[in-house]
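Student: For reference, the structure I am asking about is given below.
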Amino acid sequence: MRILITNDDGINAPGLEILSAIAADLAGPEGEVWTVAPAFEQSGVAHCISYTHPMMIAQMGDRSFAAEGSPADCVMAGLHEVMKDAPPDLVLSGVNRGNNSAENALYSGTLGGAMEAALQRLPAIAMSQYYGPRNVSIDNPFESAAVHGADVVRNILATNPDNGDDYRLFFNVNFPPVPASEVLGTRVTAQGYRRGTHFGVEPHNSPSGRRFLWIKGGNQQIRTEPGTDAHANLDGYISVTPMRADLTAHDALSAMKAIE
């Protein structure tokens with residue numbers, strides 16, 4: 001298997017090392033793992049692309065490249081430049097530092113990379129490590145992802161649920177905020193919604209008196225509804241959420257016919 005990996009935390013992020021090991025396990029001794037990742041952190045860029053300016057790409061090592069762009073840019077660079085003569089069989093994005101459950105998925109550059117791969121008609125999986133009080137201070141906060149990641153990917157690929165729709169499936173995997181030994185299993189979930197919390201801003205004044213705003217997230221330990229991603233994660237389960245890039249609210253189409 002030939003695998004392309006990327007992330008949104010940047011080429012030097014520890015989660016990318018975890019993902020590289022997962023990909024090497026999946027690819028096997030005869031396979032190849034190629035890395036095209038952002039030169040700098042790109043957290044929160046979602047599925048943006050560098051449409052109005054070029055991006056520099058530099059080789060960092062054997063089958064490893066850094067691009068000055070978003071995760072979606074990196075996937076396109078990997079498919080149409082770095083691996084253009086022999087495309088990958090699978091694209092993996094992550095392992096993100098922090099969860100991309102619930103509404104976080106909408107902001108996530110990690111998911112943006114997987115979404116772009118799906119739009120390019122390739123199997124794609126985004127992987128994120130939830131942080132919480134039970135794993136944030138252990139030696140390796142990514143332990144759950146490191147231990148269970150390869151098996152989760154194998155299980156997803158074995159089900160092969162994509163039915164060939166124009167908007168191909170991609171998968172959002174979140175590992176729970178617990179040590180690997182405390183992971184209880186895997187749950188297939190819907191995307192949840194954290195009620196009562198949201199992104200916001202925190203203002204600061206610089207020494208020169210200028211006003212700056214930092215974006216900050218809400219409480220990540222709030223449970224979503226049963227059957228959804230963050231609820232499963234906070235119960236100690238790996239969540240697997242099938243997604244598509246189709247943003248249509250299909251449930252509203254019939255009611256909206258009244259305006260025709």
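Ordered as shown in the structure tokens, chains take letters A, B, and onward, while each chain numbers its residues from 1 and ligands are numbered from 1 in the order shown.
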Taking a cut-off of 12 Å and counting only C-alpha atoms, can you build a table that, for each residue of region 90-143 of chain A near region 48-61 of chain A, reports the nearest atom pair and how far apart they are in Å (one decimal), sorted by chain then residue number, as JSON lines?

Tutor:
{"residue": "A:Leu106", "atom": "CA", "partner": "A:Cys48", "partner_atom": "CA", "distance": 11.5}
{"residue": "A:Tyr107", "atom": "CA", "partner": "A:Cys48", "partner_atom": "CA", "distance": 10.0}
{"residue": "A:Ser108", "atom": "CA", "partner": "A:Cys48", "partner_atom": "CA", "distance": 10.1}
{"residue": "A:Gly109", "atom": "CA", "partner": "A:Cys48", "partner_atom": "CA", "distance": 8.0}
{"residue": "A:Thr110", "atom": "CA", "partner": "A:Cys48", "partner_atom": "CA", "distance": 11.2}
{"residue": "A:Leu111", "atom": "CA", "partner": "A:Cys48", "partner_atom": "CA", "distance": 10.9}
{"residue": "A:Gly112", "atom": "CA", "partner": "A:Cys48", "partner_atom": "CA", "distance": 7.4}
{"residue": "A:Gly113", "atom": "CA", "partner": "A:Cys48", "partner_atom": "CA", "distance": 9.4}
{"residue": "A:Met115", "atom": "CA", "partner": "A:Cys48", "partner_atom": "CA", "distance": 10.7}
{"residue": "A:Glu116", "atom": "CA", "partner": "A:Ile49", "partner_atom": "CA", "distance": 9.7}

Student: Would you list, as a PyMOL selection string, the residues of region 31-254 of chain A that end up in strand (DSSP E or B) under DSSP run on this structure's backbone?

Tutor: chain A and resi 32-38+57-61+64-67+90-97+124-129+170-175+185-188+190+200-205+211-216+228+237-243

Student: Just checking: using only C-alpha atoms, which residue out of A:Asn135, A:Asn96, A:Thr228, A:Ser20 ends up closest to Val178 (chain A)?

Tutor: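 Result for the nearest residue to Val178 (chain A): A:Asn135.
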
Student: At a cut-off of 8 Å, using only C-alpha atoms, what residues contact Gln191 (chain A)? Leave out same-chain residues fewer than 6 positions from it and give the result as a list in words.

Tutor: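 So, after excluding close chain neighbours, the residues are Ser101, Ala102, Glu103, Thr228, Asp229 and Thr241 of chain A.
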
Student: Filtering to all heavy atoms, could you give me those residues as a PDB file, in the first residue's frame?

Tutor:
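New file result_7.pdb:
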ATOM      1  N   SER A 101     -14.042  16.388  17.332  1.00  0.00           N
ATOM      2  CA  SER A 101     -15.415  15.940  17.476  1.00  0.00           C
ATOM      3  C   SER A 101     -16.363  17.135  17.427  1.00  0.00           C
ATOM      4  O   SER A 101     -15.950  18.281  17.544  1.00  0.00           O
ATOM      5  CB  SER A 101     -15.588  15.223  18.821  1.00  0.00           C
ATOM      6  OG  SER A 101     -14.771  14.073  18.894  1.00  0.00           O
ATOM      7  N   ALA A 102     -17.656  16.819  17.249  1.00  0.00           N
ATOM      8  CA  ALA A 102     -18.723  17.819  17.308  1.00  0.00           C
ATOM      9  C   ALA A 102     -18.427  18.999  16.375  1.00  0.00           C
ATOM     10  O   ALA A 102     -17.943  18.812  15.262  1.00  0.00           O
ATOM     11  CB  ALA A 102     -18.948  18.264  18.753  1.00  0.00           C
ATOM     12  N   GLU A 103     -18.688  20.235  16.844  1.00  0.00           N
ATOM     13  CA  GLU A 103     -18.533  21.403  15.967  1.00  0.00           C
ATOM     14  C   GLU A 103     -17.086  21.677  15.602  1.00  0.00           C
ATOM     15  O   GLU A 103     -16.812  22.380  14.615  1.00  0.00           O
ATOM     16  CB  GLU A 103     -19.172  22.645  16.605  1.00  0.00           C
ATOM     17  CG  GLU A 103     -18.475  23.171  17.853  1.00  0.00           C
ATOM     18  CD  GLU A 103     -18.753  22.360  19.108  1.00  0.00           C
ATOM     19  OE1 GLU A 103     -19.608  21.449  19.076  1.00  0.00           O
ATOM     20  OE2 GLU A 103     -18.106  22.642  20.126  1.00  0.00           O
ATOM     21  N   THR A 228     -23.400  10.127  19.535  1.00  0.00           N
ATOM     22  CA  THR A 228     -22.561  11.075  18.799  1.00  0.00           C
ATOM     23  C   THR A 228     -21.118  11.009  19.293  1.00  0.00           C
ATOM     24  O   THR A 228     -20.808  10.386  20.305  1.00  0.00           O
ATOM     25  CB  THR A 228     -23.098  12.512  18.910  1.00  0.00           C
ATOM     26  OG1 THR A 228     -23.066  12.917  20.283  1.00  0.00           O
ATOM     27  CG2 THR A 228     -24.534  12.596  18.391  1.00  0.00           C
ATOM     28  N   ASP A 229     -20.239  11.695  18.555  1.00  0.00           N
ATOM     29  CA  ASP A 229     -18.801  11.522  18.721  1.00  0.00           C
ATOM     30  C   ASP A 229     -18.258  11.890  20.097  1.00  0.00           C
ATOM     31  O   ASP A 229     -17.638  11.059  20.787  1.00  0.00           O
ATOM     32  CB  ASP A 229     -18.036  12.269  17.622  1.00  0.00           C
ATOM     33  CG  ASP A 229     -18.547  13.680  17.358  1.00  0.00           C
ATOM     34  OD1 ASP A 229     -19.253  14.251  18.222  1.00  0.00           O
ATOM     35  OD2 ASP A 229     -18.224  14.225  16.284  1.00  0.00           O
ATOM     36  N   THR A 241     -16.789   8.557  12.524  1.00  0.00           N
ATOM     37  CA  THR A 241     -17.928   9.261  11.931  1.00  0.00           C
ATOM     38  C   THR A 241     -17.755   9.348  10.420  1.00  0.00           C
ATOM     39  O   THR A 241     -16.827  10.013   9.942  1.00  0.00           O
ATOM     40  CB  THR A 241     -18.064  10.675  12.517  1.00  0.00           C
ATOM     41  OG1 THR A 241     -18.152  10.601  13.938  1.00  0.00           O
ATOM     42  CG2 THR A 241     -19.297  11.372  11.968  1.00  0.00           C
TER      43      THR A 241
END

Student: Point out the residue among A:Gly217, A:Gly209, A:Pro141, A:Gly44 with the least atom-to-atom distance to Pro179 (chain A), counting only C-alpha atoms.

Tutor: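 Using only C-alpha atoms, Pro179 (chain A) sits closest to A:Pro141.
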
Student: Quick one: residues within 10 Å of Asn140 (chain A), only C-alpha atoms counted, chain neighbours fewer than 6 positions away excluded, as a list in words?

Tutor: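 Here the qualifying residues turn out to be Pro14, Ala146, Pro179 and Ala180 of chain A.
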
Student: Any chance you can output those residues with all heavy atoms as an mmCIF file, in the first residue's frame?

Tutor:
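Everything below was put into part_38.cif:
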data_model
loop_
_atom_site.group_PDB
_atom_site.id
_atom_site.type_symbol
_atom_site.label_atom_id
_atom_site.label_comp_id
_atom_site.auth_asym_id
_atom_site.auth_seq_id
_atom_site.Cartn_x
_atom_site.Cartn_y
_atom_site.Cartn_z
ATOM 1 N N PRO A 14 4.440 16.388 16.879
ATOM 2 C CA PRO A 14 4.581 15.012 17.367
ATOM 3 C C PRO A 14 3.481 14.091 16.879
ATOM 4 O O PRO A 14 3.706 12.887 16.693
ATOM 5 C CB PRO A 14 4.550 15.170 18.895
ATOM 6 C CG PRO A 14 3.936 16.506 19.148
ATOM 7 C CD PRO A 14 4.318 17.359 17.985
ATOM 8 N N ALA A 146 -1.722 5.951 19.071
ATOM 9 C CA ALA A 146 -0.569 5.153 18.670
ATOM 10 C C ALA A 146 -0.853 3.657 18.756
ATOM 11 O O ALA A 146 -0.467 2.881 17.877
ATOM 12 C CB ALA A 146 0.637 5.514 19.535
ATOM 13 N N PRO A 179 -5.594 6.872 28.648
ATOM 14 C CA PRO A 179 -4.484 6.021 28.232
ATOM 15 C C PRO A 179 -4.974 4.865 27.370
ATOM 16 O O PRO A 179 -6.151 4.469 27.432
ATOM 17 C CB PRO A 179 -3.909 5.516 29.569
ATOM 18 C CG PRO A 179 -4.369 6.497 30.585
ATOM 19 C CD PRO A 179 -5.705 6.995 30.111
ATOM 20 N N ALA A 180 -4.078 4.310 26.578
ATOM 21 C CA ALA A 180 -4.467 3.261 25.630
ATOM 22 C C ALA A 180 -5.130 2.079 26.307
ATOM 23 O O ALA A 180 -6.069 1.476 25.765
ATOM 24 C CB ALA A 180 -3.239 2.800 24.847
#

Student: Rank nothing, just name the residue among A:Pro207, A:Thr248, A:Ser239, A:Pro123 nearest to Ala158 (chain A), using only C-alpha atoms.

Tutor: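 Nearest candidate to Ala158 (chain A) out of A:Pro207, A:Thr248, A:Ser239, A:Pro123: A:Pro123.
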
Student: Considering only C-alpha atoms, can you say which of A:Gly28, A:Phe170, A:Asn205, A:Arg195 comes closest to Asn219 (chain A)?

Tutor: A:Arg195

Student: For Trp214 (chain A), list every protein, DNA or RNA residue within 7 Å, evaluated using only C-alpha atoms, and leave out those in the same chain fewer than 6 positions away; present the list as a list in words.

Tutor: Val201, Glu202 and Pro203 of chain A

Student: Using only C-alpha atoms, which residues sit within 10 Å of Val153 (chain A) once same-chain residues fewer than 3 positions away are excluded, as a ChimeraX atom specification?

Tutor: /A:22-23,26,92,124-127,148-150,156-158,171,173,240

Student: Take the selection from the previous step and output its residues with all heavy atoms, as a CSV table (one decimal), in the first residue's frame.

Tutor:
chain,number,residue,atom,x,y,z
A,22,ILE,N,1.8,4.8,12.3
A,22,ILE,CA,0.5,4.1,12.0
A,22,ILE,C,0.5,3.7,10.5
A,22,ILE,O,0.2,2.6,10.1
A,22,ILE,CB,-0.7,4.9,12.3
A,22,ILE,CG1,-0.8,5.1,13.8
A,22,ILE,CG2,-2.0,4.4,11.7
A,22,ILE,CD1,-1.9,6.1,14.3
A,23,ALA,N,0.9,4.7,9.7
A,23,ALA,CA,0.9,4.4,8.2
A,23,ALA,C,1.9,3.4,7.8
A,23,ALA,O,1.7,2.6,6.9
A,23,ALA,CB,1.2,5.8,7.5
A,26,LEU,N,0.4,0.1,8.5
A,26,LEU,CA,-0.6,-0.3,7.4
A,26,LEU,C,0.1,-0.6,6.1
A,26,LEU,O,-0.4,-1.5,5.4
A,26,LEU,CB,-1.5,0.9,7.3
A,26,LEU,CG,-2.4,1.2,8.5
A,26,LEU,CD1,-3.0,2.6,8.3
A,26,LEU,CD2,-3.5,0.2,8.6
A,92,LEU,N,-4.1,9.7,4.8
A,92,LEU,CA,-4.4,9.8,6.3
A,92,LEU,C,-4.0,11.2,6.7
A,92,LEU,O,-3.0,11.8,6.3
A,92,LEU,CB,-3.6,8.8,7.1
A,92,LEU,CG,-3.9,7.3,6.8
A,92,LEU,CD1,-2.9,6.5,7.6
A,92,LEU,CD2,-5.3,7.0,7.1
A,124,ALA,N,-10.0,8.3,2.5
A,124,ALA,CA,-9.3,9.3,3.3
A,124,ALA,C,-9.9,9.2,4.8
A,124,ALA,O,-11.1,9.0,4.9
A,124,ALA,CB,-9.5,10.7,2.8
A,125,ILE,N,-9.0,9.3,5.7
A,125,ILE,CA,-9.4,9.2,7.1
A,125,ILE,C,-8.6,10.3,7.9
A,125,ILE,O,-7.4,10.4,7.8
A,125,ILE,CB,-9.0,7.8,7.7
A,125,ILE,CG1,-9.7,6.7,6.9
A,125,ILE,CG2,-9.3,7.8,9.2
A,125,ILE,CD1,-9.3,5.3,7.3
A,126,ALA,N,-9.3,11.1,8.7
A,126,ALA,CA,-8.8,12.1,9.6
A,126,ALA,C,-8.7,11.5,11.0
A,126,ALA,O,-9.7,10.8,11.4
A,126,ALA,CB,-9.6,13.3,9.6
A,127,MET,N,-7.6,11.7,11.7
A,127,MET,CA,-7.4,11.1,13.0
A,127,MET,C,-7.0,12.2,14.0
A,127,MET,O,-6.1,13.0,13.7
A,127,MET,CB,-6.4,10.0,12.9
A,127,MET,CG,-6.7,9.0,11.8
A,127,MET,SD,-5.4,7.8,11.6
A,127,MET,CE,-5.7,6.7,12.9
A,148,HIS,N,-4.0,2.1,19.0
A,148,HIS,CA,-5.2,1.6,18.4
A,148,HIS,C,-5.4,2.1,16.9
A,148,HIS,O,-6.3,1.6,16.2
A,148,HIS,CB,-6.4,2.0,19.2
A,148,HIS,CG,-6.4,1.4,20.6
A,148,HIS,ND1,-6.6,0.1,20.9
A,148,HIS,CD2,-6.1,2.0,21.8
A,148,HIS,CE1,-6.6,-0.1,22.2
A,148,HIS,NE2,-6.2,1.0,22.8
A,149,GLY,N,-4.6,3.0,16.5
A,149,GLY,CA,-4.8,3.7,15.2
A,149,GLY,C,-4.8,2.8,14.0
A,149,GLY,O,-5.7,2.8,13.2
A,150,ALA,N,-3.8,1.9,13.9
A,150,ALA,CA,-3.7,1.1,12.7
A,150,ALA,C,-4.9,0.1,12.6
A,150,ALA,O,-5.5,-0.1,11.5
A,150,ALA,CB,-2.4,0.3,12.7
A,156,ILE,N,-12.0,0.2,9.2
A,156,ILE,CA,-12.8,1.1,8.4
A,156,ILE,C,-12.6,0.6,6.9
A,156,ILE,O,-13.6,0.5,6.2
A,156,ILE,CB,-12.3,2.5,8.5
A,156,ILE,CG1,-12.7,3.1,9.9
A,156,ILE,CG2,-12.9,3.4,7.4
A,156,ILE,CD1,-12.1,4.4,10.2
A,157,LEU,N,-11.4,0.4,6.5
A,157,LEU,CA,-11.2,0.0,5.1
A,157,LEU,C,-11.8,-1.4,4.8
A,157,LEU,O,-12.3,-1.6,3.6
A,157,LEU,CB,-9.7,-0.1,4.8
A,157,LEU,CG,-8.9,1.2,4.9
A,157,LEU,CD1,-7.4,1.0,4.7
A,157,LEU,CD2,-9.4,2.3,4.0
A,158,ALA,N,-11.9,-2.2,5.7
A,158,ALA,CA,-12.5,-3.6,5.5
A,158,ALA,C,-14.0,-3.5,5.3
A,158,ALA,O,-14.6,-4.3,4.5
A,158,ALA,CB,-12.2,-4.5,6.7
A,171,PHE,N,-13.7,9.8,6.6
A,171,PHE,CA,-14.0,9.4,8.0
A,171,PHE,C,-13.2,10.2,9.0
A,171,PHE,O,-12.1,10.6,8.8
A,171,PHE,CB,-13.6,7.9,8.2
A,171,PHE,CG,-14.3,7.0,7.2
A,171,PHE,CD1,-13.8,6.7,6.0
A,171,PHE,CD2,-15.6,6.5,7.6
A,171,PHE,CE1,-14.5,5.9,5.1
A,171,PHE,CE2,-16.3,5.7,6.7
A,171,PHE,CZ,-15.7,5.4,5.5
A,173,VAL,N,-12.1,10.2,12.7
A,173,VAL,CA,-11.8,9.3,13.9
A,173,VAL,C,-11.2,10.1,15.0
A,173,VAL,O,-10.3,10.9,14.8
A,173,VAL,CB,-10.7,8.2,13.5
A,173,VAL,CG1,-10.4,7.4,14.7
A,173,VAL,CG2,-11.3,7.4,12.3
A,240,VAL,N,-15.9,6.8,15.3
A,240,VAL,CA,-15.7,6.8,13.8
A,240,VAL,C,-16.9,7.4,13.2
A,240,VAL,O,-18.0,6.9,13.3
A,240,VAL,CB,-15.4,5.4,13.3
A,240,VAL,CG1,-15.3,5.4,11.7
A,240,VAL,CG2,-14.2,4.8,13.9

Student: Rank nothing, just name the residue among A:Met83, A:Val136, A:Ala145, A:Leu119 nearest to Ala21 (chain A), using only C-alpha atoms.

Tutor: A:Ala145

Student: Calculated over only C-alpha atoms, which of the candidates A:Ala77, A:Val82, A:Ala190, A:Val91 has the smallest distance to Met1 (chain A)?

Tutor: A:Val91

Student: Can you pull out the residues contacting Arg244 (chain A)? Cut-off 7 Å, using only C-alpha atoms, and skip same-chain residues under 6 positions away; I want them as a PyMOL selection string.

Tutor: chain A and resi 167-170

Student: Write the selection just made, keeping all heavy atoms, as a PDB file, in the first residue's frame?

Tutor:
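Just written: part33.pdb:
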ATOM      1  N   TYR A 167     -19.992  12.739  -4.056  1.00  0.00           N
ATOM      2  CA  TYR A 167     -19.269  13.180  -2.860  1.00  0.00           C
ATOM      3  C   TYR A 167     -18.879  11.937  -2.066  1.00  0.00           C
ATOM      4  O   TYR A 167     -19.680  11.378  -1.326  1.00  0.00           O
ATOM      5  CB  TYR A 167     -20.130  14.125  -2.021  1.00  0.00           C
ATOM      6  CG  TYR A 167     -20.269  15.495  -2.622  1.00  0.00           C
ATOM      7  CD1 TYR A 167     -21.465  15.895  -3.221  1.00  0.00           C
ATOM      8  CD2 TYR A 167     -19.204  16.395  -2.595  1.00  0.00           C
ATOM      9  CE1 TYR A 167     -21.586  17.160  -3.786  1.00  0.00           C
ATOM     10  CE2 TYR A 167     -19.320  17.657  -3.151  1.00  0.00           C
ATOM     11  CZ  TYR A 167     -20.512  18.034  -3.747  1.00  0.00           C
ATOM     12  OH  TYR A 167     -20.635  19.277  -4.297  1.00  0.00           O
ATOM     13  N   ARG A 168     -17.654  11.535  -2.247  1.00  0.00           N
ATOM     14  CA  ARG A 168     -17.175  10.302  -1.633  1.00  0.00           C
ATOM     15  C   ARG A 168     -17.103  10.444  -0.107  1.00  0.00           C
ATOM     16  O   ARG A 168     -16.859  11.527   0.423  1.00  0.00           O
ATOM     17  CB  ARG A 168     -15.794   9.960  -2.193  1.00  0.00           C
ATOM     18  CG  ARG A 168     -15.226   8.661  -1.667  1.00  0.00           C
ATOM     19  CD  ARG A 168     -13.912   8.292  -2.299  1.00  0.00           C
ATOM     20  NE  ARG A 168     -13.473   7.020  -1.753  1.00  0.00           N
ATOM     21  CZ  ARG A 168     -12.952   6.040  -2.465  1.00  0.00           C
ATOM     22  NH1 ARG A 168     -12.796   6.186  -3.773  1.00  0.00           N
ATOM     23  NH2 ARG A 168     -12.571   4.908  -1.892  1.00  0.00           N
ATOM     24  N   LEU A 169     -17.293   9.337   0.588  1.00  0.00           N
ATOM     25  CA  LEU A 169     -17.131   9.318   2.032  1.00  0.00           C
ATOM     26  C   LEU A 169     -15.690   9.581   2.447  1.00  0.00           C
ATOM     27  O   LEU A 169     -14.755   9.164   1.767  1.00  0.00           O
ATOM     28  CB  LEU A 169     -17.530   7.953   2.599  1.00  0.00           C
ATOM     29  CG  LEU A 169     -19.009   7.582   2.690  1.00  0.00           C
ATOM     30  CD1 LEU A 169     -19.125   6.146   3.186  1.00  0.00           C
ATOM     31  CD2 LEU A 169     -19.745   8.520   3.625  1.00  0.00           C
ATOM     32  N   PHE A 170     -15.529  10.272   3.571  1.00  0.00           N
ATOM     33  CA  PHE A 170     -14.269  10.252   4.313  1.00  0.00           C
ATOM     34  C   PHE A 170     -14.646  10.050   5.774  1.00  0.00           C
ATOM     35  O   PHE A 170     -15.825  10.076   6.138  1.00  0.00           O
ATOM     36  CB  PHE A 170     -13.440  11.521   4.087  1.00  0.00           C
ATOM     37  CG  PHE A 170     -14.092  12.798   4.522  1.00  0.00           C
ATOM     38  CD1 PHE A 170     -13.784  13.387   5.741  1.00  0.00           C
ATOM     39  CD2 PHE A 170     -15.011  13.455   3.701  1.00  0.00           C
ATOM     40  CE1 PHE A 170     -14.371  14.577   6.140  1.00  0.00           C
ATOM     41  CE2 PHE A 170     -15.606  14.646   4.085  1.00  0.00           C
ATOM     42  CZ  PHE A 170     -15.287  15.200   5.307  1.00  0.00           C
TER      43      PHE A 170
END

Student: DSSP on the backbone, then: every residue of region 27-223 of chain A marked helix (DSSP H, G or I), written as a count of residues only.

Tutor: 48

Student: What is the CA of Glu143 (chain A)-CA of Ala118 (chain A) distance in Å, reported with one decimal?

Tutor: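 Separation between CA of Glu143 (chain A) and CA of Ala118 (chain A): 27.3 Å.
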